[in-house]
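A.B. asks: Take this structure first; my questions come after.
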Amino acid sequence: MEDELRVVSASYITENGGPVVELFGRNRKGESFTLLYRNFLPYFYVIEPTGTELEALDKIDDKVKIENVKLQYRGETRNAIKFTCRSPWRVPEFRKIIRDQNRILAADIPFHFRFYYDFDLGSCVKFSGNEVERGKFTTDHVVVLDSIEKTADFLPPLKIMSFDIENTIKTQRLLVIGYTISFTGKYEDGYIVGEPADIVRQFVELVRKQDPDVITGYNIDGYDLPFIEGVASKGGIELKLARDMTTPQRIQGQFWRIHGRVVADAWWNVKREIHPKQETLAFVSIELLGESKGDVDRLNIDREWEKDRERVIKYCIKDSYLALRILEKIDVLDKYENMSTVSLIPLDDVWNSGNSTLIDSLVIRVADRRGIAVPMNNFINRNEEKIEGGYVHSIEPGLYDMVAVLDFKSMYPSLMIKYNICFTTISEDGEIISPNGTRFVSPERKRGLIPELLEDLMRTRDKYKLMMRNETDPGRKRYLNSMQSQVKILMNSFYGVFASSFYRFTDQNIGSSITAFARETIKGIINDLNSKGIQVIYGDTDSVFIKTGKTDVDSAVSFSVSIGEEISKRLGIQIEVERVLDPLFSHGAKKRYAGKVVYPENERGNLIVRGYEIRRTDSFDLQSEALTEIFNYILNRDVNGALRRAKEIISDVKSGRVEIDKLVISRSVKDFEFYKEQDSLANVQTAKKLMKQGQEFVPGMKVSWIVVDSKKRPQEVEPYIPNQTSNIKPDYQYYADRVAQTLSRVTEVFSVDETSLKNVDIKKKSTLEDFF
DNA sequence: CGCATT
DNA sequence: AACGGCTAATGCG
């Protein structure tokens, strides 16, 4: 049989003492597949092993063969051996035989990645083989592979299953599992009730029969899955949720791995994608879907269950439905499928692992092809010293006219290309010298592996952008846009990974050279512009804000474009006019500014605010809204209006003329042990109170509260739960003070301080009362 | 200064 | 075969 597949996940199982690689996914028609490959074995390298080491390796019962090879290691050709064995799970044990871990190479690459690299596979594969009986596998088809190769990507229908559990609070008894399944645009839902052990047994059956690619739910990682696992282990039930009958495994107390499926917690994904101000399912459902949750009282779920079982079941199913719709709404599935295409690893690994895994996938393949040694990651000898980062130019308080924002296109990747920065080119006799003294060989002598990869990615991105411009079909256009954006994200993640302390190809000097070149470049531009009489107002890492001195937009744009072109040509790195702001406001702090956009045309009139409270979840809505209003006045150059309105807002808050929803403050909470003085922190206090009330809480979650007495030490707060606020009395003075502080940072630029803002006769204005 | 956030 | 991109900077308590 022959077909093509989008790979959802890859793993291996043991069969007759040896490994079998398994790939899972769906074809264009939406049929699910298991692909099996039996003739692949694990291996690693050792550079110049000693006699004793070689003897010990040779004696290993698991050994298949030892071969002599040559490898490029730290710029030299070295003799090495390639050690092949049968059991991937025993490799950590064999690693210990070698004294100096620097001499063992590529002995920490997960087996399914080894398979992926060696067969040069991608997000989609073309295969041929014999279809066999399904046996224990849950997919529509099971195929023993003859051949497999990478193929052009496509997006088949994937099946998503969302579930939610309800349990009693006191006895922690499982009451019901509700679920919703989405496939080819259709929804199907249902529930399971009965004895707890039976519920879990039936759930396992359901998952096996439905065979979903993605499993989701709201906070299933930290709550529902561990709960079900607990019931299963108490009842002696094997939780065979995987496509190959294995049980879920928890990685680092956080992610779950279920062979053949992606576990994608809707909460975790929402957090990562949209940073909502509050993270409860109720809040996110309303914000994203405009739908509210059922109104079952979870605190008295035992009573609700006795009184009206149907209602609790409906509520449970609704929660699973909402989580599913949220996951669909934030469009993560397509996005991660496309990143899988760009980074050449299975969907599951893109979704649930870090940037270094993506970079590994591209870099290790090239290194292997060129005989370049692949060291292991090093999590033990972490370098304590930090790399110096980007340069941030200070900004004077004030209101500035016609400011152009120029910024570098992919600055760090561009510098890595320009200066040939790579672990393969770093050398004491290099011709290129970074500002911190590190030397790199010139590209004429030896083109670096990383610069070459980055150049390929730049070309790929430009290709997608060009295709996007010429595309008329909106669906296809969205796809192309997503692809170019994933390529950009991947390019930009190179610097971070190479600046990290643990990464296999990292050298401290590589990371610091990149930022040093960047600082030199940006400072050079600032000095140059200043010497030409062009005033630089601000700059951060890869951007410069200049005063154009023009009064109309067209001249401001053409003036700054010509400056950008001149710099681009001179430095060989592209710099573009991102925006023109008129005016730009600063209160004199770095990374904080507001401006009104006059260019580009499609953004004209928009207000942009960076860094200020408006964007922060630990400021309350009223504070954000007040600041936005004041910025509106200021950016329309109405300073008196701003002052008048600021005073009005503050006096309104002070006298309690504000809805409680506007006073909610949210912050995340870690594991309590993490804190030195946990009792003094409002977020920890809130989490503890929530737990006492029997609410779901897991570390890492954002909690929301209202300050009720700021004069107590520590300040007293009450958890905020929507529609349950009747008995909370906010400390209005506290809120008024905080708003005053925020607004005065702006008004002080115009010589009005906090005290003058607060000192108003509130009797004069009583706008609200006039309505009654 | 510790902590969370951008 | 398995944890893991980076720093600069602000502001609250």
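Following the order of the structure tokens, first chain is A, next is B, and so on, with residues numbered from 1 inside each chain and ligands from 1 in the order they appear.
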Dump as a list in words the residues of chain A that approach chain C to within 7 Å, counting only C-alpha atoms (C1' of nucleotides).
C.D. replies: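 Taken together, these residues fit the definition: Pro88, Trp89, Val91, Pro92, Ala107, Asp108, Ile109, Pro110, Phe111, Gln252, Asn355, Ser356, Glu388, Gly389, Gly390, Ser493, Gly496, Val497, Ala499, Ser500, Lys590 and Lys591 of chain A.
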A.B. asks: Write out as a list in words every residue belonging to chain A that has an atom at most 10 Å from any atom of chain B, counting only C-alpha atoms (C1' of nucleotides).
C.D. replies: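 Taken together, these residues fit the definition: Lys591, Arg592, Arg610, Gly611, Tyr612, Glu613, Arg615, Arg616, Thr617, Asp618, Arg667, Ser668, Val669, Tyr675, Lys676, Glu677 and Leu681 of chain A.
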A.B. asks: For the selection you just gave me, I'd like the residues written to a file as a compact mmCIF listing (two decimals), in the first residue's frame, keeping all heavy atoms.
C.D. replies:
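Written out: out_38.txt:
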# COMPACT_ATOMS: atom_id res chain seq x y z
N LYS A 591 11.36 51.78 27.28
CA LYS A 591 10.39 50.73 26.94
C LYS A 591 8.94 51.13 27.22
O LYS A 591 8.08 50.28 27.40
CB LYS A 591 10.74 49.42 27.64
CG LYS A 591 12.10 48.86 27.20
CD LYS A 591 12.32 47.45 27.68
CE LYS A 591 13.74 46.95 27.34
NZ LYS A 591 13.87 46.51 25.95
N ARG A 592 8.69 52.41 27.37
CA ARG A 592 7.31 52.90 27.55
C ARG A 592 7.09 54.12 26.68
O ARG A 592 7.84 55.09 26.79
CB ARG A 592 7.08 53.29 29.01
CG ARG A 592 7.21 52.10 29.90
CD ARG A 592 6.66 52.23 31.25
NE ARG A 592 6.69 50.87 31.77
CZ ARG A 592 5.96 50.41 32.74
NH1 ARG A 592 5.12 51.19 33.33
NH2 ARG A 592 6.06 49.16 33.12
N ARG A 610 3.02 51.30 24.28
CA ARG A 610 3.96 50.24 24.59
C ARG A 610 4.37 50.29 26.06
O ARG A 610 4.69 51.36 26.58
CB ARG A 610 5.22 50.37 23.72
CG ARG A 610 5.01 50.13 22.25
CD ARG A 610 4.79 48.68 21.92
NE ARG A 610 3.53 48.46 21.22
CZ ARG A 610 3.39 48.46 19.90
NH1 ARG A 610 4.43 48.62 19.13
NH2 ARG A 610 2.20 48.27 19.37
N GLY A 611 4.34 49.15 26.71
CA GLY A 611 4.89 49.02 28.05
C GLY A 611 4.01 49.51 29.18
O GLY A 611 4.08 48.99 30.29
N TYR A 612 3.17 50.50 28.92
CA TYR A 612 2.38 51.10 29.99
C TYR A 612 1.33 50.14 30.58
O TYR A 612 1.05 49.09 30.00
CB TYR A 612 1.65 52.34 29.48
CG TYR A 612 2.54 53.58 29.44
CD1 TYR A 612 3.01 54.09 28.25
CD2 TYR A 612 2.88 54.21 30.63
CE1 TYR A 612 3.80 55.22 28.23
CE2 TYR A 612 3.68 55.34 30.61
CZ TYR A 612 4.14 55.85 29.42
OH TYR A 612 4.93 56.96 29.40
N GLU A 613 0.74 50.55 31.66
CA GLU A 613 -0.24 49.76 32.40
C GLU A 613 -1.35 49.15 31.54
O GLU A 613 -1.91 48.12 31.88
CB GLU A 613 -0.89 50.61 33.50
CG GLU A 613 0.00 50.89 34.69
CD GLU A 613 0.82 52.16 34.52
OE1 GLU A 613 1.20 52.48 33.37
OE2 GLU A 613 1.11 52.81 35.53
N ARG A 615 -1.31 47.51 28.97
CA ARG A 615 -0.98 46.18 28.50
C ARG A 615 -0.77 45.19 29.65
O ARG A 615 -0.51 44.03 29.40
CB ARG A 615 0.30 46.22 27.66
CG ARG A 615 0.25 47.18 26.53
CD ARG A 615 -0.08 46.49 25.22
NE ARG A 615 -0.47 47.46 24.23
CZ ARG A 615 -1.67 47.50 23.65
NH1 ARG A 615 -2.57 46.61 23.98
NH2 ARG A 615 -1.94 48.40 22.75
N ARG A 616 -0.84 45.62 30.87
CA ARG A 616 -0.45 44.73 31.96
C ARG A 616 -1.65 44.12 32.69
O ARG A 616 -2.61 44.80 32.99
CB ARG A 616 0.42 45.49 32.98
CG ARG A 616 1.71 46.01 32.42
CD ARG A 616 2.50 46.73 33.48
NE ARG A 616 2.89 45.81 34.53
CZ ARG A 616 4.04 45.17 34.57
NH1 ARG A 616 4.92 45.33 33.62
NH2 ARG A 616 4.31 44.35 35.56
N THR A 617 -1.55 42.80 32.98
CA THR A 617 -2.66 42.13 33.65
C THR A 617 -2.69 42.47 35.13
O THR A 617 -3.68 42.24 35.79
CB THR A 617 -2.54 40.60 33.51
OG1 THR A 617 -1.35 40.18 34.16
CG2 THR A 617 -2.52 40.19 32.08
N ASP A 618 -1.59 42.98 35.66
CA ASP A 618 -1.60 43.31 37.09
C ASP A 618 -1.98 44.77 37.34
O ASP A 618 -1.79 45.31 38.41
CB ASP A 618 -0.27 42.96 37.77
CG ASP A 618 0.93 43.57 37.07
OD1 ASP A 618 0.74 44.27 36.07
OD2 ASP A 618 2.05 43.33 37.53
N ARG A 667 -2.69 38.25 38.69
CA ARG A 667 -1.27 37.89 38.60
C ARG A 667 -1.15 36.39 38.71
O ARG A 667 -1.98 35.75 39.34
CB ARG A 667 -0.47 38.51 39.76
CG ARG A 667 0.14 39.82 39.42
CD ARG A 667 1.14 40.24 40.46
NE ARG A 667 2.02 41.22 39.86
CZ ARG A 667 3.12 41.71 40.43
NH1 ARG A 667 3.47 41.30 41.62
NH2 ARG A 667 3.86 42.57 39.82
N SER A 668 -0.10 35.83 38.15
CA SER A 668 0.06 34.38 38.26
C SER A 668 0.71 34.00 39.59
O SER A 668 1.35 34.83 40.24
CB SER A 668 0.90 33.86 37.10
OG SER A 668 2.18 34.41 37.15
N VAL A 669 0.52 32.76 39.99
CA VAL A 669 1.06 32.25 41.24
C VAL A 669 1.83 30.96 40.98
O VAL A 669 1.33 30.06 40.32
CB VAL A 669 -0.07 31.93 42.25
CG1 VAL A 669 0.52 31.62 43.62
CG2 VAL A 669 -1.06 33.05 42.33
N TYR A 675 8.20 30.89 47.21
CA TYR A 675 8.27 32.25 47.73
C TYR A 675 8.99 32.35 49.07
O TYR A 675 8.83 31.50 49.93
CB TYR A 675 6.87 32.83 47.86
CG TYR A 675 6.16 32.90 46.53
CD1 TYR A 675 5.16 31.98 46.21
CD2 TYR A 675 6.50 33.87 45.60
CE1 TYR A 675 4.51 32.03 44.99
CE2 TYR A 675 5.86 33.92 44.38
CZ TYR A 675 4.87 33.00 44.08
OH TYR A 675 4.24 33.05 42.87
N LYS A 676 9.75 33.45 49.21
CA LYS A 676 10.46 33.67 50.46
C LYS A 676 9.49 34.10 51.54
O LYS A 676 9.52 33.60 52.66
CB LYS A 676 11.54 34.75 50.27
CG LYS A 676 12.60 34.28 49.31
CD LYS A 676 13.88 35.09 49.42
CE LYS A 676 14.98 34.39 48.60
NZ LYS A 676 16.15 35.21 48.39
N GLU A 677 8.63 35.07 51.18
CA GLU A 677 7.63 35.51 52.16
C GLU A 677 6.26 35.47 51.52
O GLU A 677 5.73 36.48 51.10
CB GLU A 677 7.98 36.92 52.65
CG GLU A 677 9.03 36.91 53.73
CD GLU A 677 9.19 38.29 54.32
OE1 GLU A 677 8.36 38.65 55.18
OE2 GLU A 677 10.12 38.99 53.90
N LEU A 681 2.33 38.40 49.89
CA LEU A 681 1.99 38.59 48.48
C LEU A 681 0.50 38.41 48.22
O LEU A 681 -0.09 37.39 48.57
CB LEU A 681 2.79 37.62 47.61
CG LEU A 681 4.31 37.82 47.67
CD1 LEU A 681 5.03 36.62 47.12
CD2 LEU A 681 4.71 39.08 46.93
A.B. asks: Might you pull out every residue within 10 Å of Val739 of chain A, with only C-alpha atoms (C1' of nucleotides) counted and same-chain residues fewer than 4 positions away left off, and present them as a ChimeraX atom specification?
C.D. replies: /A:619-620,622-624,626-627,646,649-650,653-654,733-735,743-744,754,758
A.B. asks: Restricted to all heavy atoms, what would the selected residues look like written as a compact mmCIF listing (two decimals), in the first residue's frame?
C.D. replies:
# COMPACT_ATOMS: atom_id res chain seq x y z
N SER A 619 -2.52 45.40 36.30
CA SER A 619 -3.18 46.68 36.53
C SER A 619 -4.67 46.42 36.30
O SER A 619 -5.03 45.50 35.60
CB SER A 619 -2.67 47.73 35.56
OG SER A 619 -2.91 47.36 34.23
N PHE A 620 -5.53 47.20 36.92
CA PHE A 620 -6.96 46.95 36.79
C PHE A 620 -7.53 47.73 35.61
O PHE A 620 -6.94 48.72 35.16
CB PHE A 620 -7.70 47.29 38.09
CG PHE A 620 -7.23 48.55 38.76
CD1 PHE A 620 -7.92 49.74 38.57
CD2 PHE A 620 -6.10 48.55 39.56
CE1 PHE A 620 -7.48 50.90 39.18
CE2 PHE A 620 -5.65 49.71 40.16
CZ PHE A 620 -6.34 50.89 39.97
N LEU A 622 -9.89 49.80 35.14
CA LEU A 622 -10.15 51.22 35.27
C LEU A 622 -8.87 52.04 35.05
O LEU A 622 -8.87 53.09 34.41
CB LEU A 622 -10.72 51.54 36.65
CG LEU A 622 -11.07 53.01 36.76
CD1 LEU A 622 -12.56 53.21 36.82
CD2 LEU A 622 -10.38 53.67 37.92
N GLN A 623 -7.78 51.50 35.56
CA GLN A 623 -6.47 52.13 35.42
C GLN A 623 -6.08 52.17 33.93
O GLN A 623 -5.66 53.22 33.43
CB GLN A 623 -5.48 51.27 36.20
CG GLN A 623 -4.17 51.88 36.55
CD GLN A 623 -3.31 50.87 37.32
OE1 GLN A 623 -3.70 49.71 37.50
NE2 GLN A 623 -2.16 51.31 37.77
N SER A 624 -6.27 51.05 33.26
CA SER A 624 -5.95 50.98 31.83
C SER A 624 -6.81 51.93 31.03
O SER A 624 -6.32 52.67 30.16
CB SER A 624 -6.18 49.56 31.29
OG SER A 624 -5.58 48.62 32.10
N ALA A 626 -8.48 54.58 32.07
CA ALA A 626 -8.19 55.98 32.39
C ALA A 626 -6.96 56.46 31.64
O ALA A 626 -6.96 57.54 31.04
CB ALA A 626 -7.98 56.12 33.90
N LEU A 627 -5.92 55.63 31.65
CA LEU A 627 -4.67 56.02 30.98
C LEU A 627 -4.90 56.16 29.47
O LEU A 627 -4.38 57.09 28.84
CB LEU A 627 -3.59 54.99 31.29
CG LEU A 627 -2.17 55.34 30.84
CD1 LEU A 627 -1.70 56.65 31.43
CD2 LEU A 627 -1.20 54.23 31.22
N ALA A 646 -8.55 63.68 34.07
CA ALA A 646 -7.80 62.91 35.07
C ALA A 646 -8.37 63.17 36.46
O ALA A 646 -8.61 62.25 37.24
CB ALA A 646 -6.32 63.27 35.02
N ILE A 649 -11.81 61.47 36.87
CA ILE A 649 -11.73 60.02 37.06
C ILE A 649 -11.32 59.69 38.49
O ILE A 649 -11.92 58.86 39.15
CB ILE A 649 -10.72 59.38 36.07
CG1 ILE A 649 -11.25 59.51 34.63
CG2 ILE A 649 -10.50 57.90 36.39
CD1 ILE A 649 -10.22 59.15 33.57
N ILE A 650 -10.29 60.39 38.97
CA ILE A 650 -9.79 60.10 40.31
C ILE A 650 -10.86 60.35 41.37
O ILE A 650 -11.04 59.54 42.29
CB ILE A 650 -8.51 60.94 40.61
CG1 ILE A 650 -7.38 60.46 39.69
CG2 ILE A 650 -8.10 60.80 42.06
CD1 ILE A 650 -6.24 61.43 39.56
N VAL A 653 -13.47 57.53 41.37
CA VAL A 653 -13.01 56.29 42.01
C VAL A 653 -13.02 56.46 43.52
O VAL A 653 -13.49 55.59 44.26
CB VAL A 653 -11.57 55.93 41.56
CG1 VAL A 653 -11.13 54.63 42.22
CG2 VAL A 653 -11.50 55.80 40.06
N LYS A 654 -12.53 57.61 43.97
CA LYS A 654 -12.42 57.84 45.41
C LYS A 654 -13.78 57.71 46.08
O LYS A 654 -13.90 57.18 47.17
CB LYS A 654 -11.84 59.23 45.66
CG LYS A 654 -11.17 59.33 47.03
CD LYS A 654 -10.78 60.75 47.38
CE LYS A 654 -9.58 61.24 46.57
NZ LYS A 654 -9.16 62.60 46.94
N GLN A 733 -10.08 54.19 48.26
CA GLN A 733 -8.97 55.11 48.42
C GLN A 733 -7.71 54.53 47.76
O GLN A 733 -6.97 55.22 47.06
CB GLN A 733 -8.71 55.39 49.91
CG GLN A 733 -7.60 56.40 50.17
CD GLN A 733 -7.94 57.78 49.59
OE1 GLN A 733 -9.03 58.32 49.81
NE2 GLN A 733 -7.02 58.34 48.83
N TYR A 734 -7.50 53.23 47.98
CA TYR A 734 -6.35 52.55 47.39
C TYR A 734 -6.38 52.68 45.86
O TYR A 734 -5.40 53.02 45.21
CB TYR A 734 -6.33 51.08 47.80
CG TYR A 734 -5.41 50.21 46.96
CD1 TYR A 734 -4.04 50.15 47.23
CD2 TYR A 734 -5.91 49.47 45.89
CE1 TYR A 734 -3.20 49.37 46.46
CE2 TYR A 734 -5.07 48.69 45.11
CZ TYR A 734 -3.72 48.64 45.40
OH TYR A 734 -2.89 47.87 44.62
N TYR A 735 -7.57 52.37 45.31
CA TYR A 735 -7.70 52.42 43.85
C TYR A 735 -7.50 53.83 43.30
O TYR A 735 -6.86 54.03 42.28
CB TYR A 735 -9.04 51.82 43.42
CG TYR A 735 -9.05 50.31 43.49
CD1 TYR A 735 -9.70 49.63 44.53
CD2 TYR A 735 -8.38 49.56 42.53
CE1 TYR A 735 -9.68 48.25 44.60
CE2 TYR A 735 -8.36 48.18 42.59
CZ TYR A 735 -9.01 47.52 43.62
OH TYR A 735 -8.98 46.15 43.68
N LEU A 743 -1.70 58.20 36.40
CA LEU A 743 -1.99 59.37 35.56
C LEU A 743 -0.99 60.49 35.79
O LEU A 743 -0.64 61.22 34.86
CB LEU A 743 -3.42 59.85 35.80
CG LEU A 743 -4.52 58.84 35.47
CD1 LEU A 743 -5.90 59.47 35.62
CD2 LEU A 743 -4.37 58.28 34.06
N SER A 744 -0.52 60.60 37.03
CA SER A 744 0.40 61.71 37.30
C SER A 744 1.74 61.51 36.61
O SER A 744 2.44 62.47 36.30
CB SER A 744 0.60 61.89 38.80
OG SER A 744 1.25 60.78 39.35
N GLU A 754 0.97 64.45 41.44
CA GLU A 754 -0.07 63.59 41.97
C GLU A 754 -1.00 64.32 42.94
O GLU A 754 -2.22 64.20 42.88
CB GLU A 754 0.57 62.37 42.65
CG GLU A 754 -0.39 61.25 42.91
CD GLU A 754 0.22 60.15 43.75
OE1 GLU A 754 1.46 59.97 43.70
OE2 GLU A 754 -0.53 59.46 44.45
N LYS A 758 -5.11 64.99 42.78
CA LYS A 758 -6.08 64.45 43.73
C LYS A 758 -6.89 65.52 44.44
O LYS A 758 -7.98 65.27 44.91
CB LYS A 758 -5.37 63.56 44.76
CG LYS A 758 -5.03 62.18 44.17
CD LYS A 758 -4.73 61.17 45.23
CE LYS A 758 -3.34 61.38 45.78
NZ LYS A 758 -2.90 60.25 46.62
A.B. asks: So which bits of segment 24-74 of chain A end up strand (DSSP E or B) when you DSSP the backbone, as a PyMOL selection string?
C.D. replies: chain A and resi 24-26+32-37+43-47+63-73
A.B. asks: Would you save the residues from that selection as a short mmCIF file (atom, residue, chain, number, x, y, z; two decimals), in the first residue's frame, using N, CA, C and O atoms?
C.D. replies:
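Dumped to result04.cif:
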data_model
loop_
_atom_site.label_atom_id
_atom_site.label_comp_id
_atom_site.auth_asym_id
_atom_site.auth_seq_id
_atom_site.Cartn_x
_atom_site.Cartn_y
_atom_site.Cartn_z
N PHE A 24 2.41 8.16 13.64
CA PHE A 24 0.94 8.19 13.61
C PHE A 24 0.49 9.46 12.90
O PHE A 24 1.12 10.50 13.04
N GLY A 25 -0.62 9.37 12.17
CA GLY A 25 -1.12 10.56 11.51
C GLY A 25 -2.33 10.25 10.64
O GLY A 25 -2.92 9.18 10.76
N ARG A 26 -2.68 11.22 9.79
CA ARG A 26 -3.83 11.03 8.90
C ARG A 26 -3.50 11.35 7.45
O ARG A 26 -2.66 12.21 7.18
N SER A 32 -6.95 7.45 9.73
CA SER A 32 -5.78 7.46 10.62
C SER A 32 -4.89 6.24 10.36
O SER A 32 -5.36 5.17 9.97
N PHE A 33 -3.57 6.46 10.55
CA PHE A 33 -2.57 5.43 10.24
C PHE A 33 -1.57 5.24 11.37
O PHE A 33 -1.21 6.20 12.06
N THR A 34 -1.11 3.99 11.50
CA THR A 34 0.10 3.70 12.26
C THR A 34 1.10 3.17 11.25
O THR A 34 0.77 2.27 10.47
N LEU A 35 2.31 3.75 11.23
CA LEU A 35 3.37 3.23 10.37
C LEU A 35 4.45 2.64 11.27
O LEU A 35 4.89 3.27 12.22
N LEU A 36 4.87 1.41 10.96
CA LEU A 36 5.87 0.75 11.80
C LEU A 36 7.15 0.49 11.03
O LEU A 36 7.12 0.10 9.86
N TYR A 37 8.30 0.72 11.70
CA TYR A 37 9.59 0.45 11.07
C TYR A 37 10.47 -0.30 12.07
O TYR A 37 10.73 0.18 13.16
N TYR A 43 22.43 4.73 17.92
CA TYR A 43 23.90 4.78 17.89
C TYR A 43 24.39 6.10 18.46
O TYR A 43 23.62 7.06 18.56
N PHE A 44 25.65 6.12 18.84
CA PHE A 44 26.29 7.38 19.23
C PHE A 44 27.77 7.28 18.91
O PHE A 44 28.26 6.23 18.47
N TYR A 45 28.50 8.40 19.10
CA TYR A 45 29.92 8.43 18.76
C TYR A 45 30.76 8.72 20.01
O TYR A 45 30.32 9.38 20.93
N VAL A 46 32.01 8.22 19.97
CA VAL A 46 32.97 8.59 21.01
C VAL A 46 34.25 9.01 20.31
O VAL A 46 34.76 8.29 19.44
N ILE A 47 34.77 10.18 20.69
CA ILE A 47 36.03 10.65 20.10
C ILE A 47 37.20 9.98 20.81
O ILE A 47 37.28 10.00 22.04
N LYS A 63 25.50 -4.50 22.44
CA LYS A 63 26.26 -3.97 21.30
C LYS A 63 25.89 -4.68 19.99
O LYS A 63 25.71 -5.88 19.96
N VAL A 64 25.79 -3.91 18.93
CA VAL A 64 25.58 -4.50 17.60
C VAL A 64 26.87 -4.40 16.80
O VAL A 64 27.35 -5.36 16.25
N LYS A 65 27.45 -3.19 16.75
CA LYS A 65 28.74 -3.05 16.08
C LYS A 65 29.48 -1.78 16.52
O LYS A 65 28.88 -0.84 17.04
N ILE A 66 30.79 -1.78 16.29
CA ILE A 66 31.63 -0.60 16.53
C ILE A 66 32.40 -0.33 15.25
O ILE A 66 33.07 -1.22 14.73
N GLU A 67 32.27 0.91 14.72
CA GLU A 67 32.97 1.25 13.48
C GLU A 67 33.89 2.43 13.70
O GLU A 67 33.62 3.28 14.53
N ASN A 68 34.95 2.52 12.91
CA ASN A 68 35.85 3.68 12.97
C ASN A 68 35.38 4.75 11.99
O ASN A 68 35.07 4.45 10.84
N VAL A 69 35.31 5.99 12.48
CA VAL A 69 34.89 7.10 11.61
C VAL A 69 35.76 8.31 11.86
O VAL A 69 36.55 8.34 12.82
N LYS A 70 35.65 9.33 11.02
CA LYS A 70 36.32 10.60 11.25
C LYS A 70 35.28 11.71 11.37
O LYS A 70 34.29 11.71 10.65
N LEU A 71 35.50 12.62 12.33
CA LEU A 71 34.53 13.70 12.55
C LEU A 71 35.21 15.04 12.72
O LEU A 71 36.33 15.12 13.23
N GLN A 72 34.56 16.10 12.27
CA GLN A 72 35.04 17.47 12.50
C GLN A 72 34.64 17.88 13.91
O GLN A 72 33.46 18.00 14.21
N TYR A 73 35.64 18.07 14.78
CA TYR A 73 35.34 18.39 16.16
C TYR A 73 36.15 19.62 16.56
O TYR A 73 37.38 19.59 16.52
#
A.B. asks: Tell me, which residues of segment 278-338 of chain A carry DSSP alpha helix (DSSP H), written as a PyMOL selection string?
C.D. replies: chain A and resi 281-289+301-307+309-329+332-338
A.B. asks: Just want the 6 Å neighbourhood of segment 475-492 of chain A, counted on only C-alpha atoms (C1' of nucleotides), with same-chain residues fewer than 6 positions away dropped. Output as a list in words.
C.D. replies: Met339, Arg461, Tyr464 and Met468 of chain A
A.B. asks: Would you list the contacts of Pro600 of chain A as a ChimeraX atom specification, taking every protein, DNA or RNA residue within 10 Å and counting only C-alpha atoms (C1' of nucleotides), but skipping same-chain residues closer than 5 positions in sequence?
C.D. replies: /A:553,557,577-581,605
A.B. asks: So that I have them on file, write out the residues from the current selection with N, CA and C atoms, as a compact mmCIF listing (two decimals), in the first residue's frame.
C.D. replies:
# COMPACT_ATOMS: atom_id res chain seq x y z
N VAL A 553 3.01 64.46 6.43
CA VAL A 553 3.34 63.04 6.48
C VAL A 553 4.21 62.61 5.30
N VAL A 557 7.77 60.77 5.59
CA VAL A 557 8.01 59.40 5.12
C VAL A 557 9.17 59.37 4.13
N VAL A 577 11.35 51.72 7.38
CA VAL A 577 10.51 52.66 8.13
C VAL A 577 9.27 51.90 8.57
N GLU A 578 9.21 51.62 9.86
CA GLU A 578 8.10 50.81 10.36
C GLU A 578 6.85 51.65 10.49
N ARG A 579 7.02 52.86 11.02
CA ARG A 579 5.89 53.75 11.30
C ARG A 579 6.36 55.19 11.35
N VAL A 580 5.39 56.09 11.19
CA VAL A 580 5.64 57.48 11.57
C VAL A 580 4.58 57.83 12.60
N LEU A 581 5.03 58.39 13.73
CA LEU A 581 4.12 58.73 14.81
C LEU A 581 4.03 60.25 14.96
N GLY A 605 -4.26 56.92 12.35
CA GLY A 605 -5.25 57.25 13.37
C GLY A 605 -5.20 56.33 14.58
A.B. asks: Taking into account only C-alpha atoms, which residue in the set A:Val544, A:Met1, A:Leu454, A:His587 is nearest to Glu131 of chain A?
C.D. replies: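 The shortest atom-to-atom distance to Glu131 of chain A comes from A:Met1.
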A.B. asks: Expressed in Å to a single decimal, how great is the separation between atom CA of Asn470 of chain A and atom CA of Glu576 of chain A?
C.D. replies: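 Result for atom CA of Asn470 of chain A versus atom CA of Glu576 of chain A: 22.4 Å, one decimal.
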